[in-house]
>>> print(open('my_file.txt').read())   # compact mmCIF, C-alpha atoms
# COMPACT_ATOMS: atom_id res chain seq x y z
CA MET P 20 21.12 -3.93 10.58
CA THR P 21 23.65 -2.19 8.35
CA THR P 22 23.39 1.27 6.90
CA ALA P 23 22.78 -0.39 3.52
CA ASP P 24 19.50 -1.69 4.95
CA VAL P 25 18.28 1.79 5.88
CA PRO P 26 16.63 3.93 3.19
CA TYR P 27 17.73 7.46 2.48
CA ALA P 28 15.37 10.34 3.23
CA ALA P 29 14.29 10.43 -0.42
CA ASP P 30 12.89 6.90 -0.05
CA ALA P 31 10.24 8.31 2.30
CA GLU P 32 8.99 10.35 -0.66
CA VAL P 33 7.97 7.24 -2.60
CA SER P 34 4.54 6.18 -1.36
CA LEU P 35 3.32 2.65 -1.47
CA THR P 36 0.39 1.96 -3.73
CA PHE P 37 -3.00 1.66 -2.08
CA ASP P 38 -2.85 -2.11 -2.60
CA GLU P 39 0.64 -2.40 -1.09
CA LEU P 40 -0.37 -0.43 1.98
CA GLN P 41 -3.56 -2.48 2.22
CA VAL P 42 -1.54 -5.72 2.35
CA LEU P 43 0.42 -4.34 5.31
CA ARG P 44 -2.76 -3.06 6.98
CA VAL P 45 -4.56 -6.39 6.61
CA GLN P 46 -1.59 -8.29 8.10
CA TYR P 47 -1.37 -5.84 11.00
CA GLU P 48 -5.11 -5.97 11.71
CA LYS P 49 -5.15 -9.78 11.45
CA GLU P 50 -2.40 -10.05 14.05
CA LEU P 51 -4.04 -7.38 16.19
CA ALA P 52 -7.30 -9.39 16.17
CA GLN P 53 -5.31 -12.42 17.34
CA SER P 54 -3.85 -10.32 20.18
CA HIS P 55 -0.28 -10.86 18.97
CA VAL P 56 1.25 -8.34 16.59
CA THR P 57 4.85 -9.15 15.74
CA THR P 58 7.32 -6.31 15.91
CA GLN P 59 8.21 -6.80 12.25
CA THR P 60 4.57 -6.57 11.13
CA LYS P 61 4.07 -3.42 13.20
CA PHE P 62 7.31 -1.95 11.84
CA ASN P 63 6.45 -2.73 8.20
CA TYR P 64 3.00 -1.19 8.56
CA ALA P 65 4.44 1.87 10.36
CA TRP P 66 6.99 2.46 7.58
CA GLY P 67 4.28 2.10 4.92
CA LEU P 68 2.19 4.68 6.77
CA VAL P 69 5.10 7.11 7.11
CA LYS P 70 5.68 6.88 3.35
CA SER P 71 2.05 7.82 2.67
CA PRO P 72 1.20 11.33 1.44
CA VAL P 73 -1.74 11.35 3.88
CA ARG P 74 -0.77 13.17 7.08
CA GLU P 75 -3.04 11.03 9.28
CA HIS P 76 -1.21 7.94 8.01
CA GLN P 77 2.14 9.55 8.77
CA VAL P 78 1.04 10.41 12.31
CA GLU P 79 -0.16 6.85 12.90
CA GLY P 80 3.09 5.48 11.47
CA VAL P 81 5.19 7.63 13.80
CA GLN P 82 3.02 6.56 16.75
CA LEU P 83 3.60 2.89 15.91
CA LEU P 84 7.34 3.47 15.55
CA ALA P 85 7.40 5.29 18.90
CA ASP P 86 5.66 2.31 20.47
CA ILE P 87 8.27 -0.05 19.04
CA TYR P 88 11.01 2.27 20.30
CA ARG P 89 9.56 2.20 23.82
CA THR P 90 8.84 -1.52 24.01
CA GLU P 91 11.61 -3.15 21.96
CA PRO P 92 15.08 -2.13 23.21
CA LYS P 93 16.79 -4.20 20.48
CA ARG P 94 15.00 -2.17 17.78
CA ARG P 95 15.69 1.30 19.24
CA ARG P 96 18.67 2.06 17.03
CA GLU P 97 16.68 1.21 13.92
CA CYS P 98 13.66 3.18 15.12
CA LEU P 99 15.69 6.33 15.72
CA TYR P 100 16.26 6.82 12.01
CA TYR P 101 12.70 6.01 10.98
CA LEU P 102 11.27 8.27 13.68
CA ALA P 103 13.56 11.06 12.49
CA LEU P 104 12.44 10.47 8.90
CA GLY P 105 8.77 10.41 9.88
CA HIS P 106 9.02 13.65 11.82
CA TYR P 107 11.01 15.25 9.01
CA LYS P 108 8.36 14.27 6.51
CA MET P 109 5.62 15.77 8.71
CA GLY P 110 7.61 18.99 9.13
CA ASN P 111 8.35 18.36 12.82
CA PHE P 112 11.97 19.37 12.39
CA GLU P 113 12.79 19.75 16.08
CA GLU P 114 11.66 16.18 16.79
CA ALA P 115 13.38 14.93 13.63
CA LYS P 116 16.62 16.59 14.70
CA SER P 117 16.33 15.12 18.20
CA PHE P 118 15.92 11.53 17.01
CA ASN P 119 18.54 11.89 14.29
CA SER P 120 21.04 13.44 16.72
CA ARG P 121 20.66 10.47 19.05
CA LEU P 122 21.46 8.17 16.16
CA LEU P 123 24.47 10.26 15.11
CA GLU P 124 25.77 10.15 18.71
CA ARG P 125 25.82 6.35 18.42
CA GLU P 126 26.93 6.20 14.79
CA PRO P 127 28.71 9.40 13.75
CA THR P 128 29.63 7.96 10.33
CA ASN P 129 26.09 6.87 9.42
CA MET P 130 25.70 8.34 5.93
CA GLN P 131 21.90 8.20 5.92
CA ALA P 132 21.68 10.04 9.24
CA GLN P 133 24.25 12.60 8.03
CA SER P 134 22.22 13.19 4.87
CA LEU P 135 18.99 13.54 6.84
CA ASP P 136 20.72 15.90 9.27
CA SER P 137 21.67 18.15 6.37
CA LEU P 138 18.11 18.11 5.01
CA ILE P 139 16.68 18.98 8.42
CA ASP P 140 19.15 21.85 8.88
CA THR P 141 18.37 23.23 5.43
CA ALA P 142 14.61 23.09 6.06
CA VAL P 143 14.99 24.81 9.44
CA LYS P 144 17.16 27.56 7.93
CA ARG P 145 14.51 28.19 5.28
CA GLY P 146 11.73 28.17 7.86
CA GLU P 147 9.89 25.59 5.79
CA SER P 148 7.12 23.29 6.67
CA TYR P 149 7.16 20.07 4.73
CA ASP P 150 4.46 19.38 2.15
CA PRO P 151 5.17 16.44 -0.18
CA LEU P 152 2.60 17.70 -2.67
CA ASP P 153 4.03 21.23 -2.80
CA PRO P 154 5.20 21.88 -6.40
CA THR P 155 7.14 25.06 -5.55
CA PRO P 156 10.82 25.32 -6.46
CA ASP P 157 11.80 25.09 -2.77
CA HIS P 158 10.22 21.64 -2.52
CA SER P 159 11.90 20.52 -5.71
CA LEU P 160 15.19 21.73 -4.31
CA LYS P 161 14.66 19.73 -1.12
CA CYS P 162 14.11 16.57 -3.14
CA THR P 163 17.12 17.36 -5.31
CA GLU P 164 19.27 17.83 -2.22
CA GLY P 165 18.14 14.44 -0.95
CA TYR P 166 19.07 12.79 -4.23
CA ILE P 167 22.44 14.55 -4.26
CA GLY P 168 23.03 13.32 -0.72
CA MET P 169 22.18 9.80 -1.82
CA ALA P 170 24.54 10.05 -4.79
CA ILE P 171 27.39 11.30 -2.61
CA ALA P 172 26.80 8.63 0.01
CA GLY P 173 26.50 5.94 -2.63
CA GLY P 174 29.71 7.03 -4.34
CA ALA P 175 28.04 8.19 -7.55
CA ALA P 176 29.04 11.81 -7.01
CA PRO P 177 32.28 13.38 -5.78
>>> encode(input="my_file.txt", output="structure tokens")
Amino acid sequence: MTTADVPYAADAEVSLTFDELQVLRVQYEKELAQSHVTTQTKFNYAWGLVKSPVREHQVEGVQLLADIYRTEPKRRRECLYYLALGHYKMGNFEEAKSFNSRLLEREPTNMQAQSLDSLIDTAVKRGESYDPLDPTPDHSLKCTEGYIGMAIAGGAAP
């Protein structure tokens, strides 16, 4: 998995449609009923849940990602970033920082992890809790910072 395959923090802001999430849920439940859920199906469903604006979905998504992290050593590196993103989105900045720091220890030049690290630090300094539906200027600024980070990492900004 390359860093190009990993979404930036701002990607977690874009929820799937109800129908898109339902497709992932149906596939997951079908495999669960057959007593064999593939790691990829579980991962796809977990990421869809993390992207949801519904906190219960986010919690379930993080739980599924944590399960993959524990049981699939080959997917741990990938899960670190998504767990950090999930915790960031839920406002669990200490946990987000912990997972993201582990990834940065392994990959200090990972632009997505660097961008997320900056977002986490900024949120902690402000004493914020994350609310994706919060229309206040602070929330708009957080999103703007994420987009600026993406532009810098992608080479669109100096």
>>> atom_distance(input="my_file.txt", atom1="atom CA of P:Gln53", atom2="atom CA of P:Arg95")
25.2 Å
>>> closest_residue(input="my_file.txt", among="P:His106, P:Lys49, P:Arg44, P:His76", to="P:Asn63", atoms="all atoms listed in the file")
P:Arg44
>>> residues_near_point(input="my_file.txt", point="(14.2, 4.1, 20.6)", cutoff="6 Å", atoms="only C-alpha atoms", output="short mmCIF file (atom, residue, chain, number, x, y, z; two decimals) with C-alpha atoms, keeping the file's coordinate frame")
data_model
loop_
_atom_site.label_atom_id
_atom_site.label_comp_id
_atom_site.auth_asym_id
_atom_site.auth_seq_id
_atom_site.Cartn_x
_atom_site.Cartn_y
_atom_site.Cartn_z
CA TYR P 88 11.01 2.27 20.30
CA ARG P 89 9.56 2.20 23.82
CA ARG P 95 15.69 1.30 19.24
CA CYS P 98 13.66 3.18 15.12
CA LEU P 99 15.69 6.33 15.72
#
>>> atom_distance(input="my_file.txt", atom1="atom CA of P:Asp136", atom2="atom CA of P:Glu124")
12.2 Å
>>> residues_around(input="my_file.txt", residues="P:Ala115", least_positions_apart="6", cutoff="10 Å", atoms="only C-alpha atoms", output="ChimeraX atom specification")
/P:99-109,135-136,139
>>> residues_around(input="my_file.txt", residues="P:Arg96", least_positions_apart="3", cutoff="12 Å", atoms="all atoms listed in the file", output="NGL selection string")
:P and (20-22 or 25 or 84-85 or 87-89 or 91-93 or 99-103 or 118-126 or 129 or 132)
>>> residues_near_point(input="my_file.txt", point="(5.8, 5.4, 13.2)", cutoff="8 Å", atoms="all atoms listed in the file", output="short mmCIF file (atom, residue, chain, number, x, y, z; two decimals) with C-alpha atoms, in the coordinates of the input")
data_model
loop_
_atom_site.label_atom_id
_atom_site.label_comp_id
_atom_site.auth_asym_id
_atom_site.auth_seq_id
_atom_site.Cartn_x
_atom_site.Cartn_y
_atom_site.Cartn_z
CA PHE P 62 7.31 -1.95 11.84
CA ALA P 65 4.44 1.87 10.36
CA TRP P 66 6.99 2.46 7.58
CA LEU P 68 2.19 4.68 6.77
CA VAL P 69 5.10 7.11 7.11
CA GLN P 77 2.14 9.55 8.77
CA VAL P 78 1.04 10.41 12.31
CA GLU P 79 -0.16 6.85 12.90
CA GLY P 80 3.09 5.48 11.47
CA VAL P 81 5.19 7.63 13.80
CA GLN P 82 3.02 6.56 16.75
CA LEU P 83 3.60 2.89 15.91
CA LEU P 84 7.34 3.47 15.55
CA ALA P 85 7.40 5.29 18.90
CA ASP P 86 5.66 2.31 20.47
CA TYR P 101 12.70 6.01 10.98
CA LEU P 102 11.27 8.27 13.68
CA GLY P 105 8.77 10.41 9.88
#
>>> closest_residue(input="my_file.txt", among="P:Leu51, P:Asn111, P:Gly67, P:Arg145", to="P:Val33", atoms="only C-alpha atoms")
P:Gly67
>>> atom_distance(input="my_file.txt", atom1="atom CA of P:Asp140", atom2="atom CA of P:Thr128")
17.5 Å
>>> closest_residue(input="my_file.txt", among="P:Gln46, P:Gln41, P:Ser54, P:Ser34", to="P:Ser71", atoms="all atoms listed in the file")
P:Ser34
>>> closest_residue(input="my_file.txt", among="P:Val143, P:Met130, P:Leu43, P:Leu138", to="P:Tyr64", atoms="only C-alpha atoms")
P:Leu43
>>> closest_residue(input="my_file.txt", among="P:Gly110, P:Ser137, P:Lys144, P:Lys70", to="P:Thr36", atoms="all atoms listed in the file")
P:Lys70
>>> decode(input="my_file.txt", residues="stretch 64-115 of chain P", atoms="C-alpha atoms", output="mmCIF file, in the first residue's frame")
data_model
loop_
_atom_site.group_PDB
_atom_site.id
_atom_site.type_symbol
_atom_site.label_atom_id
_atom_site.label_comp_id
_atom_site.auth_asym_id
_atom_site.auth_seq_id
_atom_site.Cartn_x
_atom_site.Cartn_y
_atom_site.Cartn_z
ATOM 1 C CA TYR P 64 -17.387 -1.608 5.922
ATOM 2 C CA ALA P 65 -15.320 -0.169 8.799
ATOM 3 C CA TRP P 66 -14.083 2.717 6.633
ATOM 4 C CA GLY P 67 -17.627 3.431 5.435
ATOM 5 C CA LEU P 68 -18.780 3.548 9.058
ATOM 6 C CA VAL P 69 -15.942 5.859 10.103
ATOM 7 C CA LYS P 70 -16.916 8.256 7.307
ATOM 8 C CA SER P 71 -20.507 8.391 8.580
ATOM 9 C CA PRO P 72 -21.730 11.479 10.457
ATOM 10 C CA VAL P 73 -23.453 9.137 12.947
ATOM 11 C CA ARG P 74 -21.269 8.666 16.019
ATOM 12 C CA GLU P 75 -22.491 5.107 16.657
ATOM 13 C CA HIS P 76 -21.359 4.189 13.140
ATOM 14 C CA GLN P 77 -17.961 5.763 13.763
ATOM 15 C CA VAL P 78 -17.552 3.817 17.013
ATOM 16 C CA GLU P 79 -18.465 0.557 15.280
ATOM 17 C CA GLY P 80 -16.067 1.353 12.435
ATOM 18 C CA VAL P 81 -13.190 1.979 14.831
ATOM 19 C CA GLN P 82 -14.010 -1.261 16.676
ATOM 20 C CA LEU P 83 -13.862 -3.210 13.399
ATOM 21 C CA LEU P 84 -10.567 -1.551 12.463
ATOM 22 C CA ALA P 85 -9.155 -2.369 15.912
ATOM 23 C CA ASP P 86 -10.162 -5.993 15.389
ATOM 24 C CA ILE P 87 -8.359 -6.075 12.043
ATOM 25 C CA TYR P 88 -5.319 -4.469 13.673
ATOM 26 C CA ARG P 89 -5.242 -7.164 16.364
ATOM 27 C CA THR P 90 -5.876 -10.162 14.120
ATOM 28 C CA GLU P 91 -4.175 -9.281 10.826
ATOM 29 C CA PRO P 92 -0.482 -8.408 11.322
ATOM 30 C CA LYS P 93 -0.029 -7.693 7.601
ATOM 31 C CA ARG P 94 -2.717 -4.984 7.759
ATOM 32 C CA ARG P 95 -1.463 -3.236 10.914
ATOM 33 C CA ARG P 96 0.397 -0.468 9.114
ATOM 34 C CA GLU P 97 -2.684 0.370 7.071
ATOM 35 C CA CYS P 98 -4.948 0.207 10.111
ATOM 36 C CA LEU P 99 -2.805 2.641 12.102
ATOM 37 C CA TYR P 100 -3.762 5.519 9.826
ATOM 38 C CA TYR P 101 -7.445 4.641 9.643
ATOM 39 C CA LEU P 102 -7.653 4.146 13.409
ATOM 40 C CA ALA P 103 -5.992 7.535 13.884
ATOM 41 C CA LEU P 104 -8.461 9.105 11.446
ATOM 42 C CA GLY P 105 -11.434 7.449 13.137
ATOM 43 C CA HIS P 106 -10.390 8.610 16.582
ATOM 44 C CA TYR P 107 -9.668 12.096 15.255
ATOM 45 C CA LYS P 108 -13.109 12.280 13.718
ATOM 46 C CA MET P 109 -14.721 11.218 17.008
ATOM 47 C CA GLY P 110 -12.692 13.802 18.936
ATOM 48 C CA ASN P 111 -10.546 11.188 20.705
ATOM 49 C CA PHE P 112 -7.390 13.157 20.053
ATOM 50 C CA GLU P 113 -5.163 11.291 22.502
ATOM 51 C CA GLU P 114 -5.953 7.963 20.816
ATOM 52 C CA ALA P 115 -5.660 9.545 17.369
#
